[in-house]
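The structure file coords09.txt is reproduced below (compact mmCIF, C-alpha atoms).
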```txt
# COMPACT_ATOMS: atom_id res chain seq x y z
CA MET A 29 51.78 137.97 99.47
CA LYS A 30 49.38 140.37 97.79
CA HIS A 31 50.30 138.90 94.41
CA TRP A 32 49.50 135.40 95.66
CA ALA A 33 46.13 136.57 96.99
CA LEU A 34 45.29 138.25 93.68
CA PHE A 35 46.31 135.12 91.79
CA LEU A 36 44.03 132.94 93.95
CA VAL A 37 41.06 135.29 93.47
CA LEU A 38 41.56 135.32 89.69
CA ALA A 39 41.89 131.55 89.58
CA PHE A 40 38.67 131.15 91.60
CA LEU A 41 36.82 133.55 89.29
CA GLY A 42 38.10 131.65 86.26
CA PHE A 43 36.84 128.42 87.81
CA LEU A 44 33.37 129.91 88.32
CA VAL A 45 33.22 131.29 84.79
CA GLY A 46 34.24 127.91 83.43
CA LYS A 47 31.49 126.17 85.43
CA VAL A 48 28.84 128.61 84.18
CA ALA A 49 30.02 128.29 80.59
CA ALA A 50 30.01 124.51 80.85
CA LYS A 51 26.47 124.61 82.19
CA ASP A 52 25.34 126.93 79.39
CA ASN A 53 26.91 124.62 76.81
CA GLN A 54 24.99 121.60 78.04
CA SER A 55 22.28 120.47 75.63
CA GLN A 56 18.77 120.61 77.08
CA PHE A 57 17.57 117.51 75.22
CA LYS A 58 19.28 114.39 73.95
CA GLN A 59 17.67 114.65 70.52
CA VAL A 60 15.32 116.97 68.62
CA GLN A 61 13.54 115.44 65.66
CA VAL A 62 12.09 118.02 63.22
CA LYS A 63 9.18 116.68 61.19
CA HIS A 64 8.47 118.05 57.70
CA PHE A 65 6.15 121.05 58.14
CA THR A 66 2.73 120.83 56.48
CA LEU A 67 0.38 123.37 54.88
CA ALA A 68 -3.11 124.28 56.06
CA ASP A 69 -5.80 124.40 53.38
CA GLY A 70 -5.39 127.38 51.09
CA VAL A 71 -1.83 128.29 52.14
CA GLY A 72 0.16 128.84 48.96
CA LEU A 73 3.76 127.94 49.80
CA SER A 74 5.98 125.88 47.52
CA GLN A 75 7.71 122.67 48.57
CA ASN A 76 11.02 124.45 47.95
CA PHE A 77 10.05 127.09 50.53
CA ILE A 78 9.23 124.36 53.08
CA LYS A 79 12.55 122.60 52.38
CA TYR A 80 14.59 125.81 52.81
CA PHE A 81 12.58 126.62 55.94
CA ASP A 82 13.31 123.16 57.40
CA ASP A 83 17.01 123.56 56.61
CA GLY A 84 17.13 126.95 58.36
CA LEU A 85 15.18 125.65 61.36
CA ARG A 86 17.39 122.59 61.91
CA ALA A 87 20.57 124.63 61.46
CA GLN A 88 19.39 127.21 64.01
CA LEU A 89 18.37 124.56 66.56
CA GLN A 90 21.81 122.97 66.19
CA LYS A 91 23.42 126.39 66.61
CA GLU A 92 21.34 127.03 69.73
CA ASN A 93 22.64 123.74 71.16
CA LEU A 94 19.11 122.70 72.06
CA ALA A 95 20.04 119.02 71.77
CA ARG A 96 23.07 116.82 71.22
CA LEU A 97 21.55 115.86 67.86
CA VAL A 98 19.02 117.67 65.63
CA ALA A 99 17.60 115.19 63.12
CA ASP A 100 14.93 115.02 60.44
CA GLU A 101 11.82 112.83 60.50
CA THR A 102 13.58 109.78 59.01
CA ALA A 103 15.89 109.44 62.02
CA THR A 104 15.34 106.75 64.65
CA VAL A 105 15.60 107.84 68.28
CA PRO A 106 17.11 105.18 70.59
CA ALA A 107 14.61 104.00 73.21
CA ALA A 108 16.95 105.05 76.03
CA ASP A 109 17.04 108.66 74.72
CA ALA A 110 13.34 108.99 73.87
CA PRO A 111 12.15 110.21 77.34
CA ASP A 112 14.66 113.10 77.14
CA SER A 113 14.04 113.95 73.48
CA ILE A 114 11.40 116.01 71.70
CA VAL A 115 9.65 116.02 68.35
CA VAL A 116 8.91 119.30 66.55
CA GLU A 117 5.85 119.27 64.31
CA GLY A 118 4.48 122.33 62.53
CA GLU A 119 1.90 123.64 60.11
CA PHE A 120 1.89 126.87 58.09
CA THR A 121 -1.54 128.35 58.79
CA CYS A 122 -1.34 131.54 56.71
CA PHE A 123 0.92 133.21 54.17
CA VAL A 124 0.50 136.66 52.64
CA LYS A 125 3.14 138.06 50.29
CA ALA A 126 4.57 141.51 50.81
CA ARG A 127 3.14 143.98 48.30
CA GLY A 128 4.45 147.49 47.81
CA PHE A 129 4.65 149.20 51.19
CA HIS A 130 2.57 146.50 52.88
CA LEU A 131 4.45 143.82 54.80
CA GLY A 132 3.54 140.20 54.26
CA ARG A 133 3.00 137.68 57.03
CA LEU A 134 3.67 134.05 57.79
CA CYS A 135 1.73 132.24 60.52
CA VAL A 136 3.01 128.95 61.94
CA GLU A 137 1.56 126.57 64.51
CA ILE A 138 4.31 124.52 66.19
CA LYS A 139 3.81 121.65 68.61
CA LEU A 140 6.55 120.14 70.78
CA TYR A 141 6.02 116.52 71.84
CA ARG A 142 7.96 114.16 74.11
CA THR A 143 9.39 111.47 71.85
CA SER A 144 8.76 108.51 74.13
CA ASP A 145 4.96 108.80 74.31
CA HIS A 146 4.08 111.75 72.03
CA GLN A 147 2.83 113.75 75.02
CA LEU A 148 2.20 117.36 73.98
CA ILE A 149 4.66 119.64 75.80
CA LYS A 150 4.03 123.07 74.29
CA THR A 151 2.27 124.83 71.40
CA LEU A 152 3.72 127.96 69.79
CA THR A 153 2.00 130.20 67.24
CA PRO A 154 4.60 132.70 66.00
CA GLU A 155 3.54 135.21 63.36
CA ILE A 156 6.34 136.71 61.28
CA SER A 157 6.29 139.94 59.29
CA LEU A 158 7.74 139.47 55.80
CA GLY A 159 9.45 141.90 53.49
CA PRO A 160 10.08 141.35 49.77
CA ASP A 161 12.94 138.90 49.27
CA LYS A 162 14.00 135.83 47.30
CA GLU A 163 12.28 132.59 48.28
CA LYS A 164 15.36 130.75 49.55
CA HIS A 165 16.65 133.61 51.70
CA LEU A 166 13.16 134.37 53.05
CA ALA A 167 12.49 130.72 53.94
CA ASN A 168 15.89 130.25 55.60
CA PHE A 169 15.48 133.45 57.61
CA ASN A 170 12.03 132.39 58.82
CA GLY A 171 13.30 128.93 59.76
CA GLU A 172 16.07 130.54 61.82
CA TYR A 173 13.56 132.89 63.47
CA VAL A 174 11.31 129.98 64.46
CA GLY A 175 14.35 128.07 65.77
CA LYS A 176 15.15 130.99 68.09
CA GLU A 177 11.52 131.10 69.28
CA ILE A 178 11.59 127.37 70.05
CA ARG A 179 14.84 127.82 71.99
CA LYS A 180 13.37 130.72 74.00
CA THR A 181 10.30 128.67 74.87
CA ALA A 182 12.26 125.50 75.66
CA LYS A 183 14.53 127.33 78.14
CA ASP A 184 11.53 127.94 80.42
CA LEU A 185 10.18 124.40 80.22
CA PRO A 186 10.38 122.11 83.26
CA ALA A 187 12.07 118.73 82.91
CA LEU A 188 10.33 116.44 80.40
CA ALA A 189 9.89 113.82 83.12
CA SER A 190 7.61 116.22 85.03
CA PHE A 191 4.91 116.08 82.34
CA PRO A 192 2.16 113.48 82.78
CA PRO A 193 2.22 110.33 80.65
CA GLY A 194 0.84 110.74 77.15
CA PRO A 195 -2.08 108.74 75.76
CA PRO A 196 -1.25 105.03 75.46
CA LEU A 197 -0.14 103.94 72.01
CA GLN A 198 -2.13 101.25 70.21
CA ALA A 199 -0.80 97.82 71.15
CA THR A 200 1.14 96.02 68.41
CA THR A 201 -0.39 92.63 69.28
CA PRO A 202 -4.03 91.71 68.73
CA SER A 203 -6.23 91.74 71.82
CA ALA A 204 -9.27 89.65 72.52
CA ALA A 205 -11.51 92.70 72.49
CA ALA A 206 -12.64 94.14 69.17
CA PRO A 207 -10.90 97.39 68.21
CA VAL A 208 -12.86 100.51 69.08
CA SER A 209 -13.64 102.85 66.20
CA GLN A 210 -12.05 106.26 66.51
CA THR A 211 -13.49 109.52 65.23
CA PRO A 212 -10.74 111.71 63.77
CA PRO A 213 -10.56 115.40 64.58
CA PRO A 214 -11.28 117.83 61.72
CA ASN A 215 -8.57 117.75 59.02
CA ALA A 216 -6.99 114.64 60.63
CA ASP A 217 -4.52 112.72 58.47
CA VAL A 218 -6.46 109.47 57.92
CA LEU A 219 -4.08 106.73 56.75
CA THR A 220 -5.06 104.48 53.84
CA ASN A 221 -3.30 101.72 51.91
CA SER A 222 -1.93 104.39 49.56
CA SER A 223 -0.45 106.27 52.54
CA VAL A 224 1.44 103.15 53.64
CA LEU A 225 2.69 102.45 50.12
CA GLU A 226 3.88 106.05 49.87
CA MET A 227 5.88 105.71 53.11
CA VAL A 228 7.35 102.36 52.02
CA THR A 229 8.32 103.80 48.61
CA ALA A 230 10.00 106.72 50.43
CA LYS A 231 12.03 104.09 52.36
CA LEU A 232 10.97 105.25 55.81
CA PRO A 233 12.16 102.86 58.54
CA GLU A 234 9.72 100.07 59.37
CA GLU A 235 9.36 101.15 63.00
CA VAL A 236 8.51 104.72 61.93
CA ILE A 237 5.71 103.48 59.63
CA ILE A 238 4.31 101.21 62.36
CA THR A 239 4.35 104.06 64.90
CA LYS A 240 2.60 106.31 62.40
CA ILE A 241 -0.11 103.66 61.99
CA GLN A 242 -0.46 103.32 65.77
CA VAL A 243 -0.93 107.04 66.46
CA SER A 244 -3.08 107.97 63.42
CA PRO A 245 -6.73 107.43 62.48
CA THR A 246 -6.88 104.78 59.74
CA ASN A 247 -9.18 103.50 57.04
CA PHE A 248 -7.32 100.53 55.57
CA ASP A 249 -8.60 98.08 53.00
CA VAL A 250 -7.60 94.71 54.53
CA SER A 251 -9.41 92.48 52.07
CA THR A 252 -7.46 89.48 50.74
CA PRO A 253 -6.73 91.06 47.31
CA ALA A 254 -5.59 94.31 48.97
CA LEU A 255 -3.25 92.45 51.34
CA ALA A 256 -1.84 90.44 48.42
CA GLU A 257 -1.11 93.67 46.54
CA LEU A 258 0.63 95.19 49.58
CA ASN A 259 2.82 92.10 49.89
CA GLN A 260 3.70 92.17 46.18
CA ARG A 261 4.68 95.84 46.43
CA GLY A 262 7.19 95.28 49.21
CA VAL A 263 5.23 96.07 52.38
CA SER A 264 6.73 94.00 55.22
CA PRO A 265 4.69 91.46 57.26
CA ALA A 266 5.15 93.58 60.41
CA ILE A 267 3.60 96.64 58.73
CA ILE A 268 0.72 94.58 57.30
CA LYS A 269 0.10 93.15 60.77
CA ALA A 270 -0.05 96.69 62.24
CA MET A 271 -2.59 97.60 59.54
CA LEU A 272 -4.74 94.58 60.37
CA ILE A 273 -5.07 95.45 64.06
CA ALA A 274 -5.38 99.23 63.63
CA PRO A 275 -8.88 100.55 64.48
CA LYS A 276 -10.83 102.16 61.69
CA VAL A 277 -12.18 105.69 61.97
CA ALA A 278 -15.85 106.06 62.78
CA PRO A 279 -17.91 107.78 60.08
CA ALA A 280 -18.27 111.51 60.61
CA PRO A 281 -21.48 112.37 62.40
CA VAL A 282 -24.23 113.58 60.06
CA GLN A 283 -25.54 117.03 60.89
CA PRO A 284 -29.30 116.95 61.47
CA PRO A 285 -31.29 119.21 59.17
CA VAL A 286 -32.14 122.61 60.57
CA THR A 287 -35.87 123.06 61.01
CA ALA A 288 -37.62 126.31 60.19
CA GLY A 289 -37.25 128.89 62.92
CA ALA A 290 -34.63 126.87 64.84
CA ASP A 291 -31.64 128.84 63.58
CA VAL A 292 -31.17 132.00 65.65
CA HIS A 293 -28.55 133.16 63.11
CA ASP A 294 -30.85 133.04 60.09
CA PRO A 295 -29.01 135.21 57.53
CA GLY A 296 -32.32 136.33 56.02
CA THR A 297 -33.48 138.15 59.16
CA PRO A 298 -33.29 141.93 58.60
CA GLY A 299 -31.67 143.85 61.44
CA GLN A 300 -29.88 140.78 62.85
CA GLN A 301 -26.22 141.65 63.64
CA HIS A 302 -24.08 138.98 61.99
CA PHE A 303 -20.82 140.91 62.08
CA SER A 304 -19.90 140.95 65.76
CA ILE A 305 -17.16 141.29 68.36
CA ALA A 306 -16.54 138.49 70.86
CA GLU A 307 -17.26 139.20 74.52
CA GLY A 308 -14.29 140.77 76.31
CA VAL A 309 -12.62 141.89 73.05
CA SER A 310 -12.28 145.63 72.42
CA LEU A 311 -11.07 147.64 69.45
CA PRO A 312 -8.67 150.61 69.80
CA ALA A 313 -10.31 153.46 71.72
CA GLN A 314 -10.49 155.76 68.69
CA ILE A 315 -12.63 153.28 66.70
CA ASN A 316 -16.44 153.20 67.00
CA PRO A 317 -17.21 149.43 67.12
CA GLN A 318 -20.75 149.48 65.67
CA ASN A 319 -19.89 151.93 62.91
CA TYR A 320 -16.76 149.94 62.08
CA LEU A 321 -18.72 146.65 61.88
CA LYS A 322 -21.34 148.17 59.59
CA LEU A 323 -18.71 149.71 57.31
CA PHE A 324 -16.74 146.43 57.34
CA ALA A 325 -19.83 144.47 56.19
CA ASP A 326 -20.66 147.06 53.51
CA GLU A 327 -17.10 147.08 52.16
CA LEU A 328 -16.83 143.29 52.13
CA ARG A 329 -20.14 143.01 50.26
CA THR A 330 -18.97 145.60 47.71
CA GLN A 331 -15.66 143.81 47.16
CA LEU A 332 -17.34 140.39 46.78
CA GLN A 333 -19.73 141.80 44.17
CA LYS A 334 -16.95 143.65 42.34
CA ARG A 335 -14.94 140.44 41.96
CA ASN A 336 -17.98 138.30 41.11
CA ILE A 337 -17.43 136.02 44.11
CA PRO A 338 -20.75 134.22 44.75
CA VAL A 339 -20.90 134.78 48.51
CA GLN A 340 -23.57 136.77 50.35
CA VAL A 341 -22.88 138.93 53.37
CA ALA A 342 -25.19 137.95 56.22
CA ALA A 343 -25.41 141.44 57.67
CA ASP A 344 -27.59 142.73 54.83
CA GLY A 345 -30.49 140.43 55.71
CA ALA A 346 -31.19 139.87 52.00
CA GLY A 347 -32.40 136.40 51.12
CA ALA A 348 -31.22 134.44 48.10
CA PRO A 349 -33.82 133.23 45.58
CA GLU A 350 -35.25 129.90 46.71
CA THR A 351 -33.88 128.17 43.59
CA ASP A 352 -30.35 129.32 44.47
CA ALA A 353 -30.56 128.92 48.24
CA ALA A 354 -28.70 125.62 48.53
CA GLY A 355 -25.74 126.83 46.46
CA SER A 356 -25.37 130.36 47.79
CA PRO A 357 -22.83 130.57 50.64
CA VAL A 358 -23.43 133.21 53.30
CA VAL A 359 -20.59 134.74 55.33
CA GLU A 360 -20.76 135.90 58.95
CA CYS A 361 -17.73 137.56 60.53
CA ARG A 362 -16.71 137.78 64.18
CA ILE A 363 -13.79 139.69 65.74
CA THR A 364 -12.35 137.10 68.12
CA ASP A 365 -9.18 138.82 69.34
CA VAL A 366 -7.42 142.19 69.27
CA SER A 367 -3.77 142.36 70.34
CA LYS A 368 -2.90 145.90 71.34
CA GLY A 369 0.40 146.95 69.78
CA ASP A 370 1.49 150.56 69.42
CA GLY A 371 0.52 150.77 65.74
CA SER A 372 4.10 150.78 64.46
CA LEU A 373 5.44 148.48 61.74
CA ALA A 374 7.30 146.52 64.41
CA ARG A 375 4.28 146.27 66.76
CA PRO A 376 1.08 146.58 64.72
CA VAL A 377 -2.37 146.10 66.22
CA MET A 378 -3.47 142.54 65.34
CA ILE A 379 -7.19 141.96 64.70
CA THR A 380 -8.25 138.32 64.38
CA VAL A 381 -11.42 137.79 62.32
CA GLU A 382 -13.24 134.46 62.06
CA SER A 383 -15.36 134.22 58.89
CA ASN A 384 -17.88 131.36 58.80
CA LEU A 385 -19.33 130.39 55.42
CA TYR A 386 -22.73 128.67 55.59
CA ARG A 387 -24.94 126.97 53.01
CA ARG A 388 -27.79 129.38 52.44
CA GLY A 389 -30.53 126.75 52.33
CA ASN A 390 -30.06 125.04 55.71
CA HIS A 391 -27.28 127.05 57.38
CA THR A 392 -24.84 124.11 57.34
CA LEU A 393 -21.27 125.28 57.97
CA ILE A 394 -19.13 124.90 54.84
CA LYS A 395 -15.80 126.50 55.74
CA THR A 396 -14.16 128.76 58.29
CA ALA A 397 -11.50 131.29 57.33
CA THR A 398 -9.33 132.90 60.00
CA SER A 399 -7.74 136.25 59.16
CA ARG A 400 -5.10 138.09 61.17
CA VAL A 401 -5.27 141.73 60.15
CA LYS A 402 -2.26 143.93 60.83
CA ALA A 403 -3.23 147.57 61.37
CA ILE A 404 -0.75 150.41 61.67
CA GLY A 405 -0.99 154.19 61.97
CA GLY A 406 -0.14 157.26 64.02
CA PRO A 407 -2.40 159.91 65.53
CA HIS A 408 -1.41 162.49 62.89
CA GLY A 409 -1.38 160.24 59.85
CA ARG A 410 -3.96 160.77 57.13
CA GLY A 411 -6.28 157.86 56.48
CA THR A 412 -4.26 155.40 58.52
CA PRO A 413 -6.32 152.33 59.53
CA LEU A 414 -6.12 152.79 63.28
CA TYR A 415 -7.51 156.32 63.37
CA ASP A 416 -10.46 156.13 60.98
CA ASP A 417 -13.47 153.76 61.14
CA LYS A 418 -13.90 153.60 57.37
CA THR A 419 -10.23 153.03 56.55
CA LEU A 420 -9.88 150.30 59.16
CA ALA A 421 -13.08 148.67 57.86
CA SER A 422 -11.78 148.72 54.26
CA TRP A 423 -8.40 147.42 55.43
CA THR A 424 -10.06 144.55 57.34
CA ALA A 425 -12.36 143.68 54.43
CA ALA A 426 -9.38 143.40 52.05
CA TRP A 427 -7.62 140.89 54.32
CA VAL A 428 -10.80 138.88 54.94
CA LEU A 429 -11.63 138.83 51.22
CA GLY A 430 -8.26 137.27 50.43
CA ASP A 431 -8.74 134.53 53.02
CA ILE A 432 -12.31 133.80 51.84
CA LYS A 433 -11.04 133.41 48.27
CA LYS A 434 -8.45 130.91 49.51
CA VAL A 435 -10.95 128.67 51.31
CA LEU A 436 -13.29 128.71 48.31
CA LYS A 437 -10.61 127.33 45.96
```
What does this structure look like when you write it as structure tokens?
Amino acid sequence: MKHWALFLVLAFLGFLVGKVAAKDNQSQFKQVQVKHFTLADGVGLSQNFIKYFDDGLRAQLQKENLARLVADETATVPAADAPDSIVVEGEFTCFVKARGFHLGRLCVEIKLYRTSDHQLIKTLTPEISLGPDKEKHLANFNGEYVGKEIRKTAKDLPALASFPPGPPLQATTPSAAAPVSQTPPPNADVLTNSSVLEMVTAKLPEEVIITKIQVSPTNFDVSTPALAELNQRGVSPAIIKAMLIAPKVAPAPVQPPVTAGADVHDPGTPGQQHFSIAEGVSLPAQINPQNYLKLFADELRTQLQKRNIPVQVAADGAGAPETDAAGSPVVECRITDVSKGDGSLARPVMITVESNLYRRGNHTLIKTATSRVKAIGGPHGRGTPLYDDKTLASWTAAWVLGDIKKVLK
């Protein structure tokens, strides 16, 4: 009798384990479509790196059983599966190679959308420490790492149906009302006739091209000669029709000129603090903020002059000659975030610096560079960045200098 009781208990436990395993093996989504990752301005990664990264990412997502099917951007998602499927889009926002004993870094911004209406579900911004390695292995490894991060995030997401409806897509039939001009966000991908021809030449499915037109800002040439050329080069009538009814982007608003005395951040004002720390952000306790900012500005100015980079540092209050004012960029730096790690290689302190480059003559913003400085060091180390104002300032200036050089290219 005891043997029968033991057998029944074991059978019941086996049943429970089987149920749990079956539940764990269920895919969370019906399909995951991974779009080709893009590069932010100034990020020097090769197309081979992006391809190897994409391969590693898709392989890892398939391994994680995130969806029944993990596909690339050319795939077509059935309409019935779209509400339970997601799109993964990403951009590499920074890349620094490993040099000597210094680790490199790769920053990625990833957005997860619901396929049916392109409703944003989640944004991830992983930052990966890089060692020296061959391009293919490094890219594959980073793709796998990002795949694991997406899986971790997705596990905590509520059901896709619980998210509100996304913005309505542009109708595919003409309406009586005139199309409203749309103003694209900064760095938006504005579609032109050349963009459409490029997609057609790449043999993307017709419905994918039409959807891209519907969800993107556009600036098409729909004159009669331009339409005739599109037709001759193989663009289908359905795509041409979508181009005809797509709203054009509104021209970018013109910045009004700055009148004398109106700019409270005039870089020529002596004593004005242009290197600053955002409210609520604090540096490690052992660093003197004001001394660090002054040393940071001095070091950055020295490095810019040493490398003959024609950028002024706003903190010095020195004015450019009037004849050079319009062509002399001025940089102001602001510490916008400090993530408190323990200072080890695995958990460095991350200091985010926003560097704004302005035109010297009228203080018009030219470019913004965002640097993520990794600082390490122990209490007994000599000259380690975290325990010395001057060393941390020099360390920060070196990172910021590299990012300024990138945006000036």
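Shortest atom-to-atom contact with A:Pro186 among A:Asp112, A:Glu137, A:Asp83, A:Asp431: A:Asp112, counting all atoms listed in the file.
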Put a box with edges along x, y and z around all the listed atoms of stretch 61-64 of chain A, pad it by 5 Å on each side, then give me its centre and sizes in Å, one decimal, as lines of an AutoDock Vina configuration file.
```
center_x = 11.0
center_y = 116.7
center_z = 61.7
size_x = 15.1
size_y = 12.6
size_z = 18.0
```
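Taking atom CA of A:Ile138 as the reference point, atom CA of A:Thr153 is found at 6.2 Å.
For the point (17.9, 114.5, 64.4), the residues with an atom at a distance of at most 10 Å are Lys58, Gln59, Val60, Gln61, Val62, Lys63, Arg86, Gln90, Ala95, Arg96, Leu97, Val98, Ala99, Asp100, Glu101, Thr102, Ala103, Thr104, Val105, Ser113, Ile114 and Val115 of chain A, counting only C-alpha atoms.
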Worksheet item: Using all atoms listed in the file, which residue out of A:Arg400, A:His130, A:Lys395, A:Arg261 lies closest to A:Val377?
Response: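 Counting all atoms listed in the file, the residue closest to A:Val377 is A:Arg400.
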Response to the item:
Pairwise distance, atom CA of A:Val228 with atom CA of A:Thr66, equals 19.6 Å
Discussion item. From the options A:Glu382, A:Asp184, A:Glu327, A:Asp161, which residue's atoms come nearest to A:Leu131, counting only C-alpha atoms?
Written reply: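 For A:Leu131, the nearest of the candidates is A:Asp161.
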Item to complete: Using all atoms listed in the file, determine which residues lie at most 12 Å from A:Thr220, disregarding the query and same-chain residues fewer than 5 positions distant; provide the list as an MDAnalysis selection string.
Response: chainID A and resid 225:227 240:241 244:250 254 258 268 271:272 274:277
Worksheet item: Nearest to A:Ile363 among A:Val309, A:Ala189, A:Arg335, A:Ala397, with distances taken over only C-alpha atoms: which residue is it?
Response: A:Val309
Worksheet item: Excluding same-chain residues fewer than 3 positions from A:Ala270, what lies within 8 Å of it counting only C-alpha atoms, as a list in words?
Response: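 Listed by chain and then number, they are Thr200, Ile238, Ile241, Gln242, Ala266, Ile267, Ile273 and Ala274 of chain A.
Taking atom CA of A:Pro193 and atom CA of A:His146 as endpoints, the distance between them is 8.9 Å.
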Discussion item. Just want the 7 Å neighbourhood of A:Val358, counted on all atoms listed in the file, with same-chain residues fewer than 5 positions away dropped. Output as a list in words.
Written reply: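 The residues satisfying every condition are Val339, Gln340, Val341, Ala342, Leu385, Tyr386, Arg387 and Arg388 of chain A.
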For the residues selected in the previous step, produce a file with C-alpha atoms as a PDB file, in the frame of the given file.
```
ATOM      1  CA  VAL A 339     -20.900 134.780  48.510  1.00  0.00           C
ATOM      2  CA  GLN A 340     -23.570 136.770  50.350  1.00  0.00           C
ATOM      3  CA  VAL A 341     -22.880 138.930  53.370  1.00  0.00           C
ATOM      4  CA  ALA A 342     -25.190 137.950  56.220  1.00  0.00           C
ATOM      5  CA  LEU A 385     -19.330 130.390  55.420  1.00  0.00           C
ATOM      6  CA  TYR A 386     -22.730 128.670  55.590  1.00  0.00           C
ATOM      7  CA  ARG A 387     -24.940 126.970  53.010  1.00  0.00           C
ATOM      8  CA  ARG A 388     -27.790 129.380  52.440  1.00  0.00           C
TER       9      ARG A 388
END
```
For stretch 161-180 of chain A, where the input has fewer atoms than it should, I would like N, CA and C atoms rebuilt and written as a PDB file, in the coordinates of the input.
```pdb
ATOM      1  N   ASP A 161      11.631 139.523  49.340  1.00  0.00           N
ATOM      2  CA  ASP A 161      12.940 138.900  49.270  1.00  0.00           C
ATOM      3  C   ASP A 161      12.839 137.628  48.437  1.00  0.00           C
ATOM      4  N   LYS A 162      13.986 137.071  48.062  1.00  0.00           N
ATOM      5  CA  LYS A 162      14.000 135.830  47.300  1.00  0.00           C
ATOM      6  C   LYS A 162      13.532 134.676  48.187  1.00  0.00           C
ATOM      7  N   GLU A 163      12.916 133.682  47.544  1.00  0.00           N
ATOM      8  CA  GLU A 163      12.280 132.590  48.280  1.00  0.00           C
ATOM      9  C   GLU A 163      13.244 131.874  49.222  1.00  0.00           C
ATOM     10  N   LYS A 164      14.437 131.524  48.741  1.00  0.00           N
ATOM     11  CA  LYS A 164      15.360 130.750  49.550  1.00  0.00           C
ATOM     12  C   LYS A 164      15.804 131.539  50.781  1.00  0.00           C
ATOM     13  N   HIS A 165      16.177 132.798  50.587  1.00  0.00           N
ATOM     14  CA  HIS A 165      16.650 133.610  51.700  1.00  0.00           C
ATOM     15  C   HIS A 165      15.520 133.841  52.703  1.00  0.00           C
ATOM     16  N   LEU A 166      14.317 134.111  52.192  1.00  0.00           N
ATOM     17  CA  LEU A 166      13.160 134.370  53.050  1.00  0.00           C
ATOM     18  C   LEU A 166      12.834 133.134  53.881  1.00  0.00           C
ATOM     19  N   ALA A 167      12.828 131.960  53.238  1.00  0.00           N
ATOM     20  CA  ALA A 167      12.490 130.720  53.940  1.00  0.00           C
ATOM     21  C   ALA A 167      13.544 130.386  54.996  1.00  0.00           C
ATOM     22  N   ASN A 168      14.821 130.523  54.637  1.00  0.00           N
ATOM     23  CA  ASN A 168      15.890 130.250  55.600  1.00  0.00           C
ATOM     24  C   ASN A 168      15.804 131.174  56.799  1.00  0.00           C
ATOM     25  N   PHE A 169      15.578 132.459  56.530  1.00  0.00           N
ATOM     26  CA  PHE A 169      15.480 133.450  57.610  1.00  0.00           C
ATOM     27  C   PHE A 169      14.332 133.106  58.553  1.00  0.00           C
ATOM     28  N   ASN A 170      13.181 132.726  57.988  1.00  0.00           N
ATOM     29  CA  ASN A 170      12.030 132.390  58.820  1.00  0.00           C
ATOM     30  C   ASN A 170      12.261 131.115  59.618  1.00  0.00           C
ATOM     31  N   GLY A 171      12.957 130.141  59.022  1.00  0.00           N
ATOM     32  CA  GLY A 171      13.300 128.930  59.760  1.00  0.00           C
ATOM     33  C   GLY A 171      14.197 129.249  60.948  1.00  0.00           C
ATOM     34  N   GLU A 172      15.179 130.140  60.724  1.00  0.00           N
ATOM     35  CA  GLU A 172      16.070 130.540  61.820  1.00  0.00           C
ATOM     36  C   GLU A 172      15.293 131.281  62.911  1.00  0.00           C
ATOM     37  N   TYR A 173      14.362 132.147  62.495  1.00  0.00           N
ATOM     38  CA  TYR A 173      13.560 132.890  63.470  1.00  0.00           C
ATOM     39  C   TYR A 173      12.751 131.926  64.349  1.00  0.00           C
ATOM     40  N   VAL A 174      12.114 130.944  63.710  1.00  0.00           N
ATOM     41  CA  VAL A 174      11.310 129.980  64.460  1.00  0.00           C
ATOM     42  C   VAL A 174      12.200 129.146  65.386  1.00  0.00           C
ATOM     43  N   GLY A 175      13.414 128.803  64.919  1.00  0.00           N
ATOM     44  CA  GLY A 175      14.350 128.070  65.770  1.00  0.00           C
ATOM     45  C   GLY A 175      14.678 128.835  67.038  1.00  0.00           C
ATOM     46  N   LYS A 176      14.873 130.151  66.905  1.00  0.00           N
ATOM     47  CA  LYS A 176      15.150 130.990  68.090  1.00  0.00           C
ATOM     48  C   LYS A 176      13.948 131.026  69.020  1.00  0.00           C
ATOM     49  N   GLU A 177      12.730 131.087  68.456  1.00  0.00           N
ATOM     50  CA  GLU A 177      11.520 131.100  69.280  1.00  0.00           C
ATOM     51  C   GLU A 177      11.358 129.788  70.044  1.00  0.00           C
ATOM     52  N   ILE A 178      11.669 128.679  69.380  1.00  0.00           N
ATOM     53  CA  ILE A 178      11.590 127.370  70.050  1.00  0.00           C
ATOM     54  C   ILE A 178      12.597 127.320  71.196  1.00  0.00           C
ATOM     55  N   ARG A 179      13.808 127.821  70.945  1.00  0.00           N
ATOM     56  CA  ARG A 179      14.840 127.820  71.990  1.00  0.00           C
ATOM     57  C   ARG A 179      14.400 128.651  73.186  1.00  0.00           C
ATOM     58  N   LYS A 180      13.832 129.853  72.912  1.00  0.00           N
ATOM     59  CA  LYS A 180      13.370 130.720  74.000  1.00  0.00           C
ATOM     60  C   LYS A 180      12.308 130.024  74.841  1.00  0.00           C
TER      61      LYS A 180
END
```
